[in-house]
$ cat model_21.txt   # compact mmCIF, C-alpha atoms
# COMPACT_ATOMS: atom_id res chain seq x y z
CA MET A 1 27.42 20.29 14.16
CA ARG A 2 30.94 21.41 15.13
CA LEU A 3 33.44 22.20 12.36
CA TRP A 4 37.19 22.85 12.21
CA PHE A 5 39.17 24.40 9.36
CA ALA A 6 42.93 24.60 8.80
CA PRO A 7 43.54 27.40 6.29
CA GLY A 8 47.22 26.52 5.77
CA SER A 9 46.58 22.83 5.09
CA GLU A 10 47.30 21.15 1.79
CA VAL A 11 43.69 19.96 1.84
CA PRO A 12 41.43 22.61 0.29
CA ILE A 13 38.96 24.26 2.65
CA TYR A 14 35.96 23.15 0.60
CA ARG A 15 37.21 19.54 0.83
CA GLN A 16 37.57 19.86 4.61
CA LEU A 17 33.95 21.03 4.76
CA VAL A 18 32.70 18.19 2.56
CA THR A 19 34.55 15.53 4.55
CA GLN A 20 33.31 16.75 7.93
CA VAL A 21 29.70 16.99 6.75
CA VAL A 22 29.81 13.47 5.27
CA LEU A 23 31.30 12.05 8.48
CA ALA A 24 28.62 13.82 10.52
CA ILE A 25 25.92 12.24 8.34
CA LEU A 26 27.43 8.76 8.56
CA SER A 27 27.78 9.00 12.34
CA GLY A 28 24.22 10.21 12.83
CA ASP A 29 25.19 13.67 14.06
CA LEU A 30 23.36 14.98 11.03
CA ARG A 31 20.10 13.35 9.95
CA PRO A 32 18.08 13.52 6.74
CA GLY A 33 16.18 16.81 6.67
CA ASP A 34 18.66 18.68 8.91
CA ARG A 35 19.49 22.16 7.61
CA LEU A 36 23.17 22.96 7.07
CA PRO A 37 24.52 26.36 8.15
CA SER A 38 24.09 29.05 5.53
CA THR A 39 26.97 30.03 3.28
CA ARG A 40 27.08 33.49 4.81
CA GLU A 41 27.04 32.11 8.36
CA LEU A 42 30.00 29.75 7.79
CA ALA A 43 31.98 32.36 5.90
CA ARG A 44 31.57 34.89 8.70
CA ARG A 45 32.16 32.44 11.55
CA PHE A 46 35.38 30.95 10.14
CA ASP A 47 36.60 33.91 8.09
CA ILE A 48 36.58 31.99 4.80
CA HIS A 49 35.38 33.08 1.39
CA PRO A 50 31.66 32.46 0.66
CA ASN A 51 32.60 30.94 -2.70
CA THR A 52 34.60 28.29 -0.86
CA VAL A 53 31.58 27.31 1.22
CA SER A 54 29.39 27.29 -1.90
CA ALA A 55 31.88 25.02 -3.64
CA GLY A 56 31.71 22.57 -0.74
CA TYR A 57 27.92 22.56 -0.73
CA ARG A 58 27.80 22.04 -4.50
CA GLN A 59 30.08 19.04 -4.08
CA LEU A 60 27.81 17.61 -1.40
CA GLU A 61 24.86 18.02 -3.75
CA ARG A 62 26.68 16.33 -6.63
CA ASP A 63 27.64 13.42 -4.38
CA GLY A 64 24.06 13.00 -3.21
CA TRP A 65 24.61 13.99 0.43
CA ALA A 66 22.70 17.27 0.35
CA GLU A 67 19.96 19.04 -1.55
CA ARG A 68 19.26 22.71 -2.10
CA ARG A 69 15.73 23.93 -1.43
CA HIS A 70 14.95 27.15 -3.25
CA GLY A 71 14.79 30.08 -0.88
CA SER A 72 15.34 27.88 2.16
CA GLY A 73 18.92 26.62 2.17
CA VAL A 74 20.87 23.38 1.95
CA TYR A 75 19.60 20.26 3.72
CA VAL A 76 20.88 16.76 4.39
CA ARG A 77 19.37 14.46 1.81
CA ALA A 78 17.90 11.03 2.58
CA ASN A 79 20.34 8.31 1.61
CA THR A 80 17.63 6.09 0.18
CA GLU A 81 14.98 6.87 -2.40
CA ALA A 82 11.36 6.78 -1.36
CA PRO A 83 9.69 3.43 -2.14
CA LYS A 84 7.82 3.47 -5.43
CA THR A 85 6.37 0.01 -6.09
CA PRO A 86 3.73 -1.67 -3.89
CA GLU A 87 6.31 -4.30 -2.95
CA GLN A 88 8.81 -1.64 -1.82
CA ILE A 89 6.14 0.17 0.17
CA LEU A 90 5.13 -3.11 1.83
CA ASP A 91 8.75 -3.84 2.73
CA GLN A 92 9.04 -0.39 4.27
CA HIS A 93 5.95 -1.00 6.44
CA ILE A 94 7.23 -4.41 7.51
CA ALA A 95 10.60 -2.91 8.48
CA GLY A 96 8.81 -0.14 10.37
CA PHE A 97 6.72 -2.72 12.22
CA PHE A 98 9.76 -4.61 13.44
CA ARG A 99 11.48 -1.39 14.46
CA ALA A 100 8.41 -0.50 16.51
CA VAL A 101 8.07 -3.88 18.23
CA ARG A 102 11.72 -3.86 19.25
CA GLU A 103 10.93 -0.82 21.38
CA LEU A 104 8.27 -2.84 23.27
CA ASN A 105 10.97 -5.11 24.75
CA LEU A 106 8.76 -8.15 24.20
CA PRO A 107 10.33 -11.61 23.92
CA ALA A 108 11.03 -12.55 20.31
CA ALA A 109 9.00 -15.75 20.74
CA ALA A 110 5.92 -13.78 21.82
CA ILE A 111 6.20 -11.51 18.77
CA ARG A 112 6.58 -14.44 16.37
CA ASN A 113 3.64 -16.23 17.98
CA ARG A 114 1.34 -13.19 17.65
CA VAL A 115 2.34 -12.59 14.02
CA ALA A 116 1.78 -16.29 13.25
CA GLN A 117 -1.72 -16.07 14.75
CA TRP A 118 -2.54 -13.07 12.58
CA ILE A 119 -1.29 -14.76 9.40
CA ALA A 120 -3.16 -17.97 10.22
CA ALA A 121 -6.46 -16.13 10.68
CA PRO A 122 -8.87 -16.46 7.71
CA PRO A 123 -8.80 -13.52 5.29
CA PRO A 124 -11.66 -11.00 5.54
CA ASP A 125 -14.70 -11.90 3.48
CA HIS A 126 -17.18 -9.12 4.30
CA LEU A 127 -17.59 -5.55 5.54
CA LEU A 128 -19.24 -5.11 8.93
CA LEU A 129 -20.89 -1.78 9.70
CA ILE A 130 -21.19 -1.31 13.46
CA ASP A 131 -23.67 1.34 14.56
CA PRO A 132 -26.13 1.65 17.46
CA ASP A 133 -28.82 3.30 15.30
CA PRO A 134 -30.69 0.73 13.17
CA GLU A 135 -32.22 3.32 10.82
CA LEU A 136 -28.93 5.01 10.02
CA ARG A 137 -27.25 1.62 9.77
CA GLN A 138 -29.72 0.73 7.03
CA ILE A 139 -29.03 3.99 5.17
CA LEU A 140 -25.25 3.60 5.32
CA LEU A 141 -25.45 -0.04 4.22
CA THR A 142 -27.44 1.07 1.18
CA GLU A 143 -24.68 3.50 0.24
CA ILE A 144 -21.93 0.97 0.92
CA ARG A 145 -23.59 -1.61 -1.34
CA GLU A 146 -23.86 0.98 -4.11
CA VAL A 147 -20.09 1.38 -4.36
CA THR A 148 -18.75 -2.13 -3.69
CA THR A 149 -19.66 -5.70 -4.57
CA PHE A 150 -17.91 -6.92 -1.43
CA PRO A 151 -20.52 -8.41 0.96
CA ALA A 152 -21.61 -5.97 3.67
CA ARG A 153 -23.87 -6.28 6.68
CA GLY A 154 -24.60 -4.27 9.80
CA VAL A 155 -24.73 -5.04 13.51
CA SER A 156 -25.31 -3.21 16.78
CA LEU A 157 -22.65 -2.42 19.38
CA GLU A 158 -23.80 -5.36 21.49
CA ASP A 159 -23.56 -7.81 18.59
CA CYS A 160 -19.99 -6.85 17.70
CA ALA A 161 -18.71 -8.22 21.03
CA SER A 162 -19.27 -11.77 19.74
CA PRO A 163 -16.21 -13.47 18.18
CA GLU A 164 -18.50 -15.21 15.69
CA THR A 165 -19.80 -11.84 14.49
CA LEU A 166 -16.28 -10.52 13.90
CA ALA A 167 -14.94 -13.61 12.15
CA GLY A 168 -13.82 -12.64 8.65
CA ALA A 169 -15.10 -9.08 9.10
CA ILE A 170 -13.65 -5.69 8.25
CA PRO A 171 -15.31 -3.46 10.88
CA LEU A 172 -16.58 -0.02 9.81
CA CYS A 173 -18.15 2.86 11.71
CA ARG A 174 -19.05 6.55 11.35
CA PRO A 175 -16.76 9.18 12.95
CA SER A 176 -19.03 10.14 15.85
CA LYS A 177 -19.16 6.51 17.01
CA THR A 178 -15.48 5.60 16.68
CA ARG A 179 -14.79 5.75 20.41
CA LEU A 180 -17.85 3.67 21.32
CA VAL A 181 -17.16 1.04 18.67
CA ARG A 182 -13.47 0.85 19.51
CA ALA A 183 -14.34 0.24 23.16
CA ALA A 184 -16.72 -2.57 22.18
CA LEU A 185 -14.20 -4.35 19.94
CA PRO A 186 -11.54 -6.75 21.24
CA SER A 187 -8.03 -5.32 21.26
CA GLY A 188 -6.05 -5.77 18.08
CA ILE A 189 -9.06 -5.52 15.74
CA GLU A 190 -8.63 -2.95 12.96
CA LEU A 191 -11.44 -0.42 12.67
CA ILE A 192 -12.06 1.73 9.59
CA THR A 193 -13.80 5.05 10.23
CA LEU A 194 -15.81 6.24 7.22
CA PRO A 195 -15.73 10.05 6.72
CA ILE A 196 -19.15 11.69 6.48
CA ARG A 197 -20.06 14.31 3.86
CA SER A 198 -20.39 17.97 4.83
CA ALA A 199 -24.07 18.90 4.64
CA ASN A 200 -23.30 22.59 4.10
CA ALA A 201 -20.84 21.96 1.26
CA TRP A 202 -23.23 19.55 -0.45
CA LEU A 203 -26.20 21.91 -0.13
CA THR A 204 -24.48 25.03 -1.49
CA PRO A 205 -24.88 24.21 -5.23
CA TRP A 206 -28.65 23.78 -4.71
CA LEU A 207 -29.09 27.25 -3.26
CA PRO A 208 -30.85 29.56 -3.51
CA ALA A 209 -33.92 27.37 -3.93
CA PRO A 210 -36.55 28.71 -6.37
CA ALA A 211 -39.36 30.60 -4.65
CA GLY A 212 -42.90 29.29 -4.67
CA HIS A 213 -42.03 25.58 -4.78
CA LEU A 214 -42.75 22.93 -2.17
CA ILE A 215 -39.77 20.84 -1.03
CA GLY A 216 -40.39 17.47 0.61
CA VAL A 217 -37.90 15.99 3.09
CA VAL A 218 -38.34 12.28 3.77
CA SER A 219 -36.29 9.76 5.75
CA HIS A 220 -36.49 6.64 7.89
CA TRP A 221 -33.97 8.27 10.25
CA PRO A 222 -35.54 10.94 12.51
CA GLU A 223 -32.27 12.81 12.93
CA PHE A 224 -32.10 13.30 9.16
CA LEU A 225 -35.36 15.25 9.37
CA THR A 226 -34.18 17.30 12.36
CA VAL A 227 -30.86 18.25 10.80
CA ALA A 228 -32.43 18.95 7.39
CA ARG A 229 -35.00 21.26 8.96
CA THR A 230 -32.30 23.22 10.77
CA VAL A 231 -29.94 23.50 7.79
CA LEU A 232 -32.60 24.34 5.20
CA ILE A 233 -34.25 27.02 7.30
CA ALA A 234 -30.85 28.47 8.22
CA ALA A 235 -30.07 28.57 4.49
CA GLY A 236 -33.07 30.84 3.92
CA LEU A 237 -35.85 28.48 2.84
CA ASN A 238 -39.32 29.44 3.99
CA PRO A 239 -40.57 26.87 6.55
CA ASP A 240 -43.99 27.02 4.91
CA THR A 241 -42.52 25.56 1.71
CA LEU A 242 -41.04 22.51 3.45
CA ILE A 243 -42.86 19.19 3.99
CA PHE A 244 -41.26 16.75 6.46
CA ARG A 245 -42.22 13.09 6.53
CA ASP A 246 -40.99 10.25 8.77
CA ALA A 247 -41.08 7.23 6.46
CA ARG A 248 -41.54 4.89 9.43
CA GLN A 249 -45.01 6.32 10.08
CA PRO A 250 -48.27 5.23 8.39
CA ARG A 251 -49.39 7.25 5.35
CA TRP A 252 -46.10 9.11 5.32
CA SER A 253 -46.27 9.78 1.57
CA ARG A 254 -49.45 11.87 1.72
CA GLY A 255 -49.08 15.28 0.10
CA LEU A 256 -45.64 14.61 -1.33
CA ASN A 257 -46.99 14.50 -4.89
CA GLN A 258 -47.48 18.27 -4.60
CA ALA A 259 -43.77 18.84 -4.00
CA THR A 260 -41.44 20.01 -6.74
CA ALA A 261 -38.57 18.02 -5.29
CA ILE A 262 -38.01 15.50 -2.50
CA LEU A 263 -34.82 15.39 -0.45
CA CYS A 264 -34.18 11.96 1.07
CA ASP A 265 -31.51 9.46 2.08
CA ALA A 266 -30.23 6.60 -0.08
CA PHE A 267 -32.38 3.92 1.55
CA THR A 268 -35.61 5.91 1.45
CA ALA A 269 -34.98 6.59 -2.24
CA THR A 270 -35.38 2.83 -2.89
CA VAL A 271 -38.78 2.53 -1.19
CA PRO A 272 -41.59 1.91 -3.75
CA ALA A 273 -44.03 4.15 -1.83
CA LEU A 274 -41.89 7.22 -2.54
CA PRO A 275 -43.73 9.36 -5.14
CA SER A 276 -41.96 9.37 -8.48
CA ASN A 277 -43.41 12.60 -9.88
CA PRO A 278 -41.29 15.09 -7.89
CA HIS A 279 -37.58 15.36 -8.59
CA ILE A 280 -35.75 13.06 -6.14
CA ILE A 281 -32.60 14.48 -4.55
CA VAL A 282 -30.59 11.89 -2.61
CA TYR A 283 -28.27 13.18 0.09
CA PRO A 284 -25.24 10.84 0.32
CA PHE A 285 -23.94 10.52 3.87
CA LEU A 286 -20.61 8.99 2.93
CA ALA A 287 -17.90 11.40 1.78
CA ASP A 288 -16.12 10.84 -1.52
CA SER A 289 -13.03 9.68 0.36
CA ALA A 290 -15.11 7.01 2.13
CA ARG A 291 -16.51 5.83 -1.19
CA ALA A 292 -13.01 5.61 -2.66
CA GLU A 293 -11.92 3.52 0.33
CA LEU A 294 -14.88 1.16 -0.08
CA MET A 295 -14.27 0.73 -3.81
CA ARG A 296 -11.00 -1.00 -2.93
CA TYR A 297 -13.12 -3.92 -1.75
CA SER A 298 -14.77 -4.66 -5.09
CA GLU A 299 -13.26 -8.15 -4.90
CA PRO A 300 -12.53 -10.25 -1.80
CA PRO A 301 -8.93 -9.41 -0.82
CA SER A 302 -6.47 -12.27 -0.49
CA LEU A 303 -4.78 -10.72 2.54
CA LEU A 304 -5.62 -7.65 4.61

$ encode --input "model_21.txt" --output "structure tokens"
Amino acid sequence: MRLWFAPGSEVPIYRQLVTQVVLAILSGDLRPGDRLPSTRELARRFDIHPNTVSAGYRQLERDGWAERRHGSGVYVRANTEAPKTPEQILDQHIAGFFRAVRELNLPAAAIRNRVAQWIAAPPPDHLLLIDPDPELRQILLTEIREVTTFPARGVSLEDCASPETLAGAIPLCRPSKTRLVRAALPSGIELITLPIRSANAWLTPWLPAPAGHLIGVVSHWPEFLTVARTVLIAAGLNPDTLIFRDARQPRWSRGLNQATAILCDAFTATVPALPSNPHIIVYPFLADSARAELMRYSEPPSLL
């Protein structure tokens, strides 16, 4: 920003500063968040008293044009307050949408037609978990249904290419499959990626495990067993104290009654054949943030 000052003018120097800064803001030369020159810098550059510059900046603050950030300086303040109510936030998103589409240089009729199609589409009535692994799909669906009453079902990547499958659906996937699922979905379909819990962070409160006790690890998902073996042994547990069982295999529950505790996934924990004597520890795959997101769908939304 370029400034001029006339020391001999009848207009006080501080007022000259205020006027030029305000004009720069109104013209777009200065934008919200821009830092104004420091008091010392202006005083030295234009040979004016620092108190004069400070007086100008205080006036800008009083008038709502600037704000002082402790230890950082004086900055141009946003002219509008941040939206507070859901309606104001929605209006802000709508305005942002139309600003963005203007940059696409699409005909106005094409934009209106596409928006009309979206509004005319039926509102979502169920969650759709898309995952190529049927065992993990079953586990995640169990967790999803624990935190929301909104209907949920799961499909494979191949199934999600069907328009009938996606009708009324809110598609979900796990982070490692986002790219695959996105590629399988038609363009314009929103996809929610569900964050997965950190195994290390979840395991830490359970360590160190008491010595001399058998720990069973059971799952319908083979990768659960592989990862659990790696993490538990790396955490210092003796391999001889660990019992691993694939719940898809016959007689998988043999010997588990001798375990002090059984670590399993949410779906396996619901299987009647799981021994009830040992302490059951369920590892939740979905992170707390994912569960909070899913809880928003406790009732069918009217518009999403």

$ residues_around --input "model_21.txt" --residues "range 175-179 of chain A" --least-positions-apart "3" --cutoff "9 Å" --atoms "all atoms listed in the file" --output "list in words"
Ile130, Asp131, Pro132, Leu172, Arg182, Ala183, Ala184, Leu191, Ile192, Thr193, Leu194, Pro195 and Ile196 of chain A

$ closest_residue --input "model_21.txt" --among "A:Gly236, A:Ser276, A:Ser253, A:Tyr297" --to "Thr149 in chain A" --atoms "all atoms listed in the file"
A:Tyr297

$ closest_residue --input "model_21.txt" --among "A:Pro278, A:Val218, A:Gly188, A:Val21" --to "Trp118 in chain A" --atoms "only C-alpha atoms"
A:Gly188

$ residues_near_point --input "model_21.txt" --point "(-40.8, 4.4, -2.2)" --cutoff "12 Å" --atoms "all atoms listed in the file" --output "ChimeraX atom specification"
/A:218-220,247-248,251-253,256,262,264-277,280

$ closest_residue --input "model_21.txt" --among "A:Thr241, A:Thr148, A:Leu106, A:Leu207" --to "Glu293 in chain A" --atoms "all atoms listed in the file"
A:Thr148

$ residues_around --input "model_21.txt" --residues "Ala287 in chain A" --least-positions-apart "3" --cutoff "12 Å" --atoms "only C-alpha atoms" --output "list in words"
Leu140, Glu143, Ile144, Val147, Arg174, Pro175, Thr193, Leu194, Pro195, Ile196, Arg197, Ser198, Ala199, Ala201, Trp202, Tyr283, Pro284, Ala290, Arg291, Ala292, Glu293 and Leu294 of chain A

$ closest_residue --input "model_21.txt" --among "A:Glu164, A:Glu87, A:Asp34, A:Asp133" --to "Trp221 in chain A" --atoms "all atoms listed in the file"
A:Asp133

$ residues_around --input "model_21.txt" --residues "Gly33 in chain A" --least-positions-apart "6" --cutoff "10 Å" --atoms "all atoms listed in the file" --output "ChimeraX atom specification"
/A:66-67,74-78

$ atom_distance --input "model_21.txt" --atom1 "CA of Ala259 in chain A" --atom2 "CA of Asn238 in chain A"
14.0 Å

$ atom_distance --input "model_21.txt" --atom1 "CA of Glu223 in chain A" --atom2 "CA of Leu136 in chain A"
9.0 Å

$ atom_distance --input "model_21.txt" --atom1 "CA of Ile119 in chain A" --atom2 "CA of Leu166 in chain A"
16.2 Å

$ closest_residue --input "model_21.txt" --among "A:Thr39, A:Gln138, A:Asn51, A:Gln20" --to "Arg68 in chain A" --atoms "all atoms listed in the file"
A:Thr39

$ residues_around --input "model_21.txt" --residues "Ala43 in chain A" --least-positions-apart "2" --cutoff "12 Å" --atoms "all atoms listed in the file" --output "PDB file with C-alpha atoms, in the frame of the given file"
ATOM      1  CA  PHE A   5      39.170  24.400   9.360  1.00  0.00           C
ATOM      2  CA  ILE A  13      38.960  24.260   2.650  1.00  0.00           C
ATOM      3  CA  TYR A  14      35.960  23.150   0.600  1.00  0.00           C
ATOM      4  CA  LEU A  17      33.950  21.030   4.760  1.00  0.00           C
ATOM      5  CA  PRO A  37      24.520  26.360   8.150  1.00  0.00           C
ATOM      6  CA  SER A  38      24.090  29.050   5.530  1.00  0.00           C
ATOM      7  CA  THR A  39      26.970  30.030   3.280  1.00  0.00           C
ATOM      8  CA  ARG A  40      27.080  33.490   4.810  1.00  0.00           C
ATOM      9  CA  GLU A  41      27.040  32.110   8.360  1.00  0.00           C
ATOM     10  CA  ARG A  45      32.160  32.440  11.550  1.00  0.00           C
ATOM     11  CA  PHE A  46      35.380  30.950  10.140  1.00  0.00           C
ATOM     12  CA  ASP A  47      36.600  33.910   8.090  1.00  0.00           C
ATOM     13  CA  ILE A  48      36.580  31.990   4.800  1.00  0.00           C
ATOM     14  CA  HIS A  49      35.380  33.080   1.390  1.00  0.00           C
ATOM     15  CA  PRO A  50      31.660  32.460   0.660  1.00  0.00           C
ATOM     16  CA  ASN A  51      32.600  30.940  -2.700  1.00  0.00           C
ATOM     17  CA  THR A  52      34.600  28.290  -0.860  1.00  0.00           C
ATOM     18  CA  VAL A  53      31.580  27.310   1.220  1.00  0.00           C
ATOM     19  CA  SER A  54      29.390  27.290  -1.900  1.00  0.00           C
ATOM     20  CA  GLY A  56      31.710  22.570  -0.740  1.00  0.00           C
TER      21      GLY A  56
END

$ decode --input "model_21.txt" --residues "range 141-155 of chain A" --atoms "N, CA and C atoms" --output "PDB file, in the first residue's frame"
ATOM      1  N   LEU A 141     -20.277 -52.579   9.371  1.00  0.00           N
ATOM      2  CA  LEU A 141     -21.730 -52.400   9.444  1.00  0.00           C
ATOM      3  C   LEU A 141     -22.237 -52.620  10.868  1.00  0.00           C
ATOM      4  N   THR A 142     -21.643 -53.577  11.571  1.00  0.00           N
ATOM      5  CA  THR A 142     -22.025 -53.802  12.965  1.00  0.00           C
ATOM      6  C   THR A 142     -21.764 -52.548  13.797  1.00  0.00           C
ATOM      7  N   GLU A 143     -20.609 -51.934  13.594  1.00  0.00           N
ATOM      8  CA  GLU A 143     -20.286 -50.719  14.353  1.00  0.00           C
ATOM      9  C   GLU A 143     -21.190 -49.556  13.950  1.00  0.00           C
ATOM     10  N   ILE A 144     -21.460 -49.430  12.663  1.00  0.00           N
ATOM     11  CA  ILE A 144     -22.322 -48.345  12.191  1.00  0.00           C
ATOM     12  C   ILE A 144     -23.709 -48.455  12.812  1.00  0.00           C
ATOM     13  N   ARG A 145     -24.242 -49.669  12.857  1.00  0.00           N
ATOM     14  CA  ARG A 145     -25.596 -49.872  13.391  1.00  0.00           C
ATOM     15  C   ARG A 145     -25.658 -49.712  14.902  1.00  0.00           C
ATOM     16  N   GLU A 146     -24.496 -49.725  15.550  1.00  0.00           N
ATOM     17  CA  GLU A 146     -24.463 -49.484  17.000  1.00  0.00           C
ATOM     18  C   GLU A 146     -24.637 -48.009  17.331  1.00  0.00           C
ATOM     19  N   VAL A 147     -24.283 -47.128  16.408  1.00  0.00           N
ATOM     20  CA  VAL A 147     -24.280 -45.701  16.727  1.00  0.00           C
ATOM     21  C   VAL A 147     -25.372 -44.912  16.013  1.00  0.00           C
ATOM     22  N   THR A 148     -26.110 -45.539  15.091  1.00  0.00           N
ATOM     23  CA  THR A 148     -27.163 -44.807  14.400  1.00  0.00           C
ATOM     24  C   THR A 148     -28.341 -45.728  14.118  1.00  0.00           C
ATOM     25  N   THR A 149     -29.555 -45.155  14.178  1.00  0.00           N
ATOM     26  CA  THR A 149     -30.755 -45.893  13.820  1.00  0.00           C
ATOM     27  C   THR A 149     -31.091 -45.749  12.347  1.00  0.00           C
ATOM     28  N   PHE A 150     -30.312 -44.947  11.639  1.00  0.00           N
ATOM     29  CA  PHE A 150     -30.517 -44.755  10.208  1.00  0.00           C
ATOM     30  C   PHE A 150     -30.196 -46.066   9.496  1.00  0.00           C
ATOM     31  N   PRO A 151     -31.040 -46.546   8.584  1.00  0.00           N
ATOM     32  CA  PRO A 151     -30.769 -47.823   7.908  1.00  0.00           C
ATOM     33  C   PRO A 151     -29.398 -47.829   7.235  1.00  0.00           C
ATOM     34  N   ALA A 152     -28.711 -48.955   7.333  1.00  0.00           N
ATOM     35  CA  ALA A 152     -27.380 -49.081   6.737  1.00  0.00           C
ATOM     36  C   ALA A 152     -27.240 -50.459   6.118  1.00  0.00           C
ATOM     37  N   ARG A 153     -26.614 -50.507   4.947  1.00  0.00           N
ATOM     38  CA  ARG A 153     -26.300 -51.781   4.326  1.00  0.00           C
ATOM     39  C   ARG A 153     -24.975 -51.659   3.594  1.00  0.00           C
ATOM     40  N   GLY A 154     -24.430 -52.792   3.192  1.00  0.00           N
ATOM     41  CA  GLY A 154     -23.127 -52.793   2.548  1.00  0.00           C
ATOM     42  C   GLY A 154     -23.177 -53.445   1.179  1.00  0.00           C
ATOM     43  N   VAL A 155     -22.293 -52.980   0.283  1.00  0.00           N
ATOM     44  CA  VAL A 155     -22.198 -53.544  -1.059  1.00  0.00           C
ATOM     45  C   VAL A 155     -20.728 -53.593  -1.469  1.00  0.00           C
TER      46      VAL A 155
END
